[in-house]
Amino acid sequence: MNLDFTPEEQAFRDEVRAFIAENYPEHLGDVGLREDLSREDFLAWHKILGEKGWSVPAWPEQYGGTGWTPTQRYIWSEENARVNAVMPLPFGVSMVGPVIYTFGNEEQKAKHLPGIRSGEVWWCQGYSEPGAGSDLASLKTTAVRDGDHYVINGQKTWTTLAQYADWGFFLCRTDPDAAKPQEGISFILVDMKTPGVEVKPIKLLDGGYEVNETWLTDVRVPVENLVGEENKGWTYAKFLLAHERSGIAGVARSKRGVEKLREIAANETLDGAPLIEDFDFARKVSQLEIDLAALEITELRTLAGEQAGNGPGPESSILKIKGTEIQQRLTELTLEAVGSYAAPYYHSIANDDGSNEYPVGPDYSAHAAETYFNMRKTSIYGGSNEIQRNIITKMILGL
Amino acid sequence: MDFNFTEEQDMVRDGLSRLVREQYDWETRRKAIESEAGWRPEIWAQLAELGILGMPFSEDVGGFGGGAVDAMIVMEEFGKGLVVEPFVPTVVCAGGFLKHAGSESQREEHLSAIIDGSRVFAFAYAEPRGRYDYADLETTAKKDGDGYVLNGHKAVVIGAPWASHFVVTARTGGDRRDREGVSVFIVDKSADGITTRDYETVDGRRASEVYFENVSVPADALIGEEGGALPLIEQVTDEAIAAQCAEACGAMKVAHAMTLEYSKQRKQFGVPIGKFQVLQHRMVDMYTAYETAVSLTYLATIKLDAGEKERKRAASSAKVGVGQSARFIGQEAVQIHGGNGVTDEYAVGHYFKRLTIFENEFGNVDHHLKRHVSLG
């Protein structure tokens, strides 16, 4: 048992670090709030990685994956976190992509996988509905067969960044009479330009527009957009959620966040001394670092299991719970660290002269509150942390 | 990066697991801890025979060339069975001092006796007013001719009633809490001037208050450098912390499993209480706390041979995280067992008690958070 990286893994780290240093877009070097990015900004790194062949590392090699081991992928995410990189969004790369190459037909693979790899096509996720959150299987959006089309009607919500999306993957009810709610659901790909698709932004606590309502009114979709079998969509949806959870721990990014927090706390003062020298504050930072160290080892243990051939199982629910708790605690402590300058509403100030300068407070304080508010989402999305506990209850504890 | 165990390590685990299962069942354990001796020397002899007592020592002193990971495996199995025999004081602590700083003749004299099970040690470091500071010593060792004379009072010396020898920390110079001036001695328990007051501990072990009154020891009782032993003590106690964290992991694993099993059997309102979501989520949180503890124990164990700062950070991280998990799991296990959890008859309460005392050994959560902060 050891935590050392092999010489080959060290060499790999050097290689990817050099590649990132040379190729990562300079203007995306220290992004504060991600929701202020343009579509092009979101896709910039993705497109560069697409050309390099590194945009979908976890995919099977035959579909364009890199063939990296889980450890190499871990190193890759660590190196990207070091520069706070704007990574390819998960909706294509980690969600619909794996569903298509696992359950889709050859035509679907040929049509959709290249655009996901290259970053040309933006995907969004049509799962949640106003009445179907944690109880996702109660979803009401219907897809009714009409000749060689499905006609979709319903309302989806929390559709992340759908304002930029070219395509979406939607869970729709195709058999309203199925014995169990899970059994009548299908997984359908929808071109977001199809008539009847309407995206309405939802303003969030941080003032940004990260998610949307997506209304579907008599949307006609060719039947070849059905993935896998009709009424088997729940199986694919669950497969997707398990994929979504691996990597959700965000260890590398949180480690970078703790470094930043220490910098802020070294700069802020309390009773005439650096805040980080205040024991009450320092012990909260230490506790966070200890919990993060534990999470890192837990993730490495899970990766080692994957490397030995065990897929991402219910253990990924632990990573989701602990990872998001730590991400949230990090934003909480950052908010505490900046003190009074948490209060100014960044959007109202920055827009005055149109510049990127922050006219009040130190730079690092500008997004502390917004980020704290924004990150409350993490324990809610991807299957709320309570749903993760239900999964562990069933799959691990056997209750 | 590798989280696998070697074939030998798997064999050790299996062998110990069998020994605990077959010879350390609940009733046998209860009889043993309630007996006059309070432990079973025959178990100790078996551990020697199986090579467990010699595992962490190199082959040239008669050991089996293992290391910290082997000690972790042993202690995890001991934790599962609430084994009281003094592996940590004898093998990890006394063995550790000898391994790191013993002279050739000291190793020759003591290590082979540890490995063959004939010599049992207790580690007399704590003092009534010293709390968790190894340098906060009122016990003194004054130079006297070639040797030293010891005076002082050592508190809650675990395993002392079973021991033939002590490892004793004492001040040979400097002021009460100075980092300099701390020394370590091996002292024969039968030396003139040593008196003990023996008692049971709440977690089923035995301990003593040990009083030294003008106890003369020869020059070769000193281990390592006179006055410069604090870094050595920190190294050895970090090793003890890693080992005891593994023990706590074993105990937590069983406490959680017992609770889970109980929740499947115990019915209220016409259903097993394990059907209630409020209890399910609590048992999930216990499971997560256990996994957290295992990860931190691995970290502390692997980092024992790293640089000083990294080692200390990892050991303190483990003592904080495992301590917090231990308290949470212990309390919740009792709670979910309801009234049965607070009876002496049910095993779960005894796991709770061991986990409670574990928290305070070699520094509690607050102490190690402070140490973590001080390491920056």
# chains A, B, ... in the order shown; residues from 1 in each chain; ligands from 1
>>> interface_residues(of="chain A", to="chain B", cutoff="8 Å", atoms="only C-alpha atoms", output="list in words")
Met1, Asn2, Leu3, Asp4, Phe5, Thr6, Phe279, Ala282, Arg283, Ser286, Gln287, Ile290, Asp291, Ala293, Ala294, Leu295, Ile297, Thr298, Arg301, Ala304, Ile318, Glu386, Arg389, Asn390, Ile392, Thr393, Leu397 and Leu399 of chain A
>>> closest_atom_pairs(of="range 106-157 of chain A", to="range 39-47 of chain A", cutoff="12 Å", atoms="only C-alpha atoms", output="Markdown table")
| residue | atom | partner | partner_atom | distance |
| --- | --- | --- | --- | --- |
| A:Pro114 | CA | A:Lys47 | CA | 11.6 |
| A:Gly115 | CA | A:Lys47 | CA | 10.1 |
| A:Ile116 | CA | A:His46 | CA | 9.4 |
| A:Arg117 | CA | A:His46 | CA | 8.2 |
| A:Ser118 | CA | A:Lys47 | CA | 5.5 |
| A:Gly119 | CA | A:Lys47 | CA | 5.3 |
| A:Glu120 | CA | A:Lys47 | CA | 7.6 |
| A:Val121 | CA | A:Leu43 | CA | 9.5 |
| A:Trp122 | CA | A:Leu43 | CA | 8.7 |
| A:Trp123 | CA | A:Leu43 | CA | 11.7 |
>>> write_last_selection(atoms="N, CA and C atoms", output="short mmCIF file (atom, residue, chain, number, x, y, z; two decimals), in the first residue's frame")
data_model
loop_
_atom_site.label_atom_id
_atom_site.label_comp_id
_atom_site.auth_asym_id
_atom_site.auth_seq_id
_atom_site.Cartn_x
_atom_site.Cartn_y
_atom_site.Cartn_z
N PRO A 114 -19.26 12.80 -32.62
CA PRO A 114 -18.20 13.74 -33.05
C PRO A 114 -18.43 15.16 -32.54
N GLY A 115 -19.68 15.63 -32.55
CA GLY A 115 -19.96 16.99 -32.09
C GLY A 115 -19.73 17.17 -30.60
N ILE A 116 -19.96 16.09 -29.83
CA ILE A 116 -19.69 16.15 -28.39
C ILE A 116 -18.19 16.22 -28.15
N ARG A 117 -17.47 15.38 -28.90
CA ARG A 117 -16.01 15.38 -28.74
C ARG A 117 -15.40 16.74 -29.07
N SER A 118 -15.83 17.31 -30.19
CA SER A 118 -15.17 18.52 -30.68
C SER A 118 -15.63 19.77 -29.93
N GLY A 119 -16.78 19.68 -29.27
CA GLY A 119 -17.32 20.88 -28.62
C GLY A 119 -18.14 21.73 -29.57
N GLU A 120 -18.46 21.21 -30.75
CA GLU A 120 -19.27 21.97 -31.70
C GLU A 120 -20.73 22.01 -31.26
N VAL A 121 -21.18 20.92 -30.65
CA VAL A 121 -22.60 20.81 -30.29
C VAL A 121 -22.78 20.90 -28.78
N TRP A 122 -23.64 21.80 -28.37
CA TRP A 122 -23.91 22.02 -26.94
C TRP A 122 -25.15 21.24 -26.56
N TRP A 123 -25.04 20.45 -25.48
CA TRP A 123 -26.16 19.63 -25.02
C TRP A 123 -26.72 20.16 -23.71
#
>>> atom_distance(atom1="CA of Ala242 in chain B", atom2="CA of Glu359 in chain B")
12.6 Å
>>> select_by_dssp(residues="range 120-243 of chain B", states="helix (DSSP H, G or I)", output="JSON, numbers by chain")
{"B": [160, 161, 162, 219, 220, 221, 230, 231, 232, 233, 234, 235, 236, 237, 238, 239, 240, 241, 242, 243]}
>>> write_last_selection(atoms="N, CA and C atoms", output="PDB file, in the first residue's frame")
ATOM      1  N   ALA B 160       0.007  -1.301  32.554  1.00  0.00           N
ATOM      2  CA  ALA B 160       1.081  -1.385  33.561  1.00  0.00           C
ATOM      3  C   ALA B 160       0.975  -2.620  34.456  1.00  0.00           C
ATOM      4  N   PRO B 161      -0.256  -3.014  34.851  1.00  0.00           N
ATOM      5  CA  PRO B 161      -0.318  -4.200  35.731  1.00  0.00           C
ATOM      6  C   PRO B 161       0.184  -5.473  35.049  1.00  0.00           C
ATOM      7  N   TRP B 162       0.196  -5.490  33.729  1.00  0.00           N
ATOM      8  CA  TRP B 162       0.637  -6.696  33.015  1.00  0.00           C
ATOM      9  C   TRP B 162       2.112  -6.629  32.640  1.00  0.00           C
ATOM     10  N   ALA B 219      23.143   3.683  33.335  1.00  0.00           N
ATOM     11  CA  ALA B 219      23.309   4.575  32.175  1.00  0.00           C
ATOM     12  C   ALA B 219      22.661   3.998  30.929  1.00  0.00           C
ATOM     13  N   ASP B 220      22.715   2.682  30.767  1.00  0.00           N
ATOM     14  CA  ASP B 220      22.174   2.116  29.515  1.00  0.00           C
ATOM     15  C   ASP B 220      20.652   1.945  29.549  1.00  0.00           C
ATOM     16  N   ALA B 221      20.017   2.519  30.596  1.00  0.00           N
ATOM     17  CA  ALA B 221      18.549   2.593  30.584  1.00  0.00           C
ATOM     18  C   ALA B 221      18.072   3.697  29.648  1.00  0.00           C
ATOM     19  N   LEU B 230      12.421  14.474  22.529  1.00  0.00           N
ATOM     20  CA  LEU B 230      11.051  14.853  22.163  1.00  0.00           C
ATOM     21  C   LEU B 230      10.689  14.472  20.712  1.00  0.00           C
ATOM     22  N   PRO B 231      11.557  14.752  19.734  1.00  0.00           N
ATOM     23  CA  PRO B 231      11.219  14.334  18.360  1.00  0.00           C
ATOM     24  C   PRO B 231      11.007  12.823  18.242  1.00  0.00           C
ATOM     25  N   LEU B 232      11.779  12.074  19.018  1.00  0.00           N
ATOM     26  CA  LEU B 232      11.631  10.613  19.022  1.00  0.00           C
ATOM     27  C   LEU B 232      10.264  10.222  19.595  1.00  0.00           C
ATOM     28  N   ILE B 233       9.883  10.879  20.701  1.00  0.00           N
ATOM     29  CA  ILE B 233       8.582  10.599  21.316  1.00  0.00           C
ATOM     30  C   ILE B 233       7.456  10.937  20.331  1.00  0.00           C
ATOM     31  N   GLU B 234       7.632  12.051  19.617  1.00  0.00           N
ATOM     32  CA  GLU B 234       6.597  12.442  18.654  1.00  0.00           C
ATOM     33  C   GLU B 234       6.477  11.428  17.523  1.00  0.00           C
ATOM     34  N   GLN B 235       7.613  10.926  17.083  1.00  0.00           N
ATOM     35  CA  GLN B 235       7.597   9.905  16.026  1.00  0.00           C
ATOM     36  C   GLN B 235       6.867   8.646  16.512  1.00  0.00           C
ATOM     37  N   VAL B 236       7.257   8.185  17.699  1.00  0.00           N
ATOM     38  CA  VAL B 236       6.676   6.931  18.194  1.00  0.00           C
ATOM     39  C   VAL B 236       5.191   7.103  18.502  1.00  0.00           C
ATOM     40  N   THR B 237       4.808   8.240  19.064  1.00  0.00           N
ATOM     41  CA  THR B 237       3.388   8.416  19.381  1.00  0.00           C
ATOM     42  C   THR B 237       2.564   8.612  18.111  1.00  0.00           C
ATOM     43  N   ASP B 238       3.162   9.186  17.064  1.00  0.00           N
ATOM     44  CA  ASP B 238       2.429   9.239  15.793  1.00  0.00           C
ATOM     45  C   ASP B 238       2.200   7.819  15.261  1.00  0.00           C
ATOM     46  N   GLU B 239       3.172   6.951  15.477  1.00  0.00           N
ATOM     47  CA  GLU B 239       2.984   5.545  15.082  1.00  0.00           C
ATOM     48  C   GLU B 239       1.891   4.884  15.915  1.00  0.00           C
ATOM     49  N   ALA B 240       1.869   5.232  17.205  1.00  0.00           N
ATOM     50  CA  ALA B 240       0.822   4.685  18.077  1.00  0.00           C
ATOM     51  C   ALA B 240      -0.545   5.220  17.658  1.00  0.00           C
ATOM     52  N   ILE B 241      -0.581   6.490  17.252  1.00  0.00           N
ATOM     53  CA  ILE B 241      -1.839   7.086  16.796  1.00  0.00           C
ATOM     54  C   ILE B 241      -2.359   6.341  15.570  1.00  0.00           C
ATOM     55  N   ALA B 242      -1.486   6.101  14.610  1.00  0.00           N
ATOM     56  CA  ALA B 242      -1.914   5.383  13.398  1.00  0.00           C
ATOM     57  C   ALA B 242      -2.457   4.002  13.764  1.00  0.00           C
ATOM     58  N   ALA B 243      -1.747   3.318  14.667  1.00  0.00           N
ATOM     59  CA  ALA B 243      -2.172   1.968  15.063  1.00  0.00           C
ATOM     60  C   ALA B 243      -3.523   2.009  15.780  1.00  0.00           C
TER      61      ALA B 243
END
>>> residues_around(residues="range 363-369 of chain A", least_positions_apart="6", cutoff="9 Å", atoms="only C-alpha atoms", output="ChimeraX atom specification")
/A:32-33,206,260,264,331-332,334-339,341-346,357
>>> residues_around(residues="Glu299 in chain A", least_positions_apart="4", cutoff="12 Å", atoms="only C-alpha atoms", output="VMD selection string")
(chain A and resid 70 to 71 74 245 to 252 292 to 295 303 to 306 312 315 to 320 322 to 323) or (chain B and resid 3 291 to 292 295)
>>> closest_residue(among="A:Ile326, A:Val360, A:Lys255, A:Gly92", to="Ser348 in chain A", atoms="only C-alpha atoms")
A:Val360
>>> atom_distance(atom1="CA of Glu36 in chain B", atom2="CA of Ser208 in chain B")
14.6 Å
>>> select_by_dssp(residues="range 87-154 of chain A", states="strand (DSSP E or B)", output="ChimeraX atom specification")
/A:123-126,129,132,142-146,149-154
>>> write_last_selection(atoms="C-alpha atoms", output="CSV table (one decimal), in the first residue's frame")
chain,number,residue,atom,x,y,z
A,123,TRP,CA,-26.2,19.6,-25.0
A,124,CYS,CA,-28.6,20.2,-22.2
A,125,GLN,CA,-30.4,17.9,-19.8
A,126,GLY,CA,-34.2,17.6,-19.7
A,129,GLU,CA,-39.9,18.9,-13.9
A,132,ALA,CA,-40.7,15.8,-10.5
A,142,THR,CA,-45.4,12.9,-22.7
A,143,ALA,CA,-44.1,11.7,-26.0
A,144,VAL,CA,-46.9,10.3,-28.2
A,145,ARG,CA,-46.1,8.3,-31.3
A,146,ASP,CA,-47.6,9.8,-34.4
A,149,HIS,CA,-42.5,11.0,-35.1
A,150,TYR,CA,-43.0,11.5,-31.4
A,151,VAL,CA,-45.0,14.5,-30.3
A,152,ILE,CA,-43.7,15.8,-27.0
A,153,ASN,CA,-45.6,18.0,-24.6
A,154,GLY,CA,-44.6,19.1,-21.1
>>> closest_residue(among="B:Phe87, B:Phe212, B:Tyr351, B:Phe123", to="Gln244 in chain B", atoms="only C-alpha atoms")
B:Phe87
>>> residues_around(residues="range 93-102 of chain A", least_positions_apart="4", cutoff="9 Å", atoms="only C-alpha atoms", output="VMD selection string")
chain A and resid 55 to 56 58 to 60 63 88 to 89 106 108 to 109 112 to 113 116 to 117 123 to 125 168 to 169 227 to 228 236 to 237 239 to 241 243 to 244
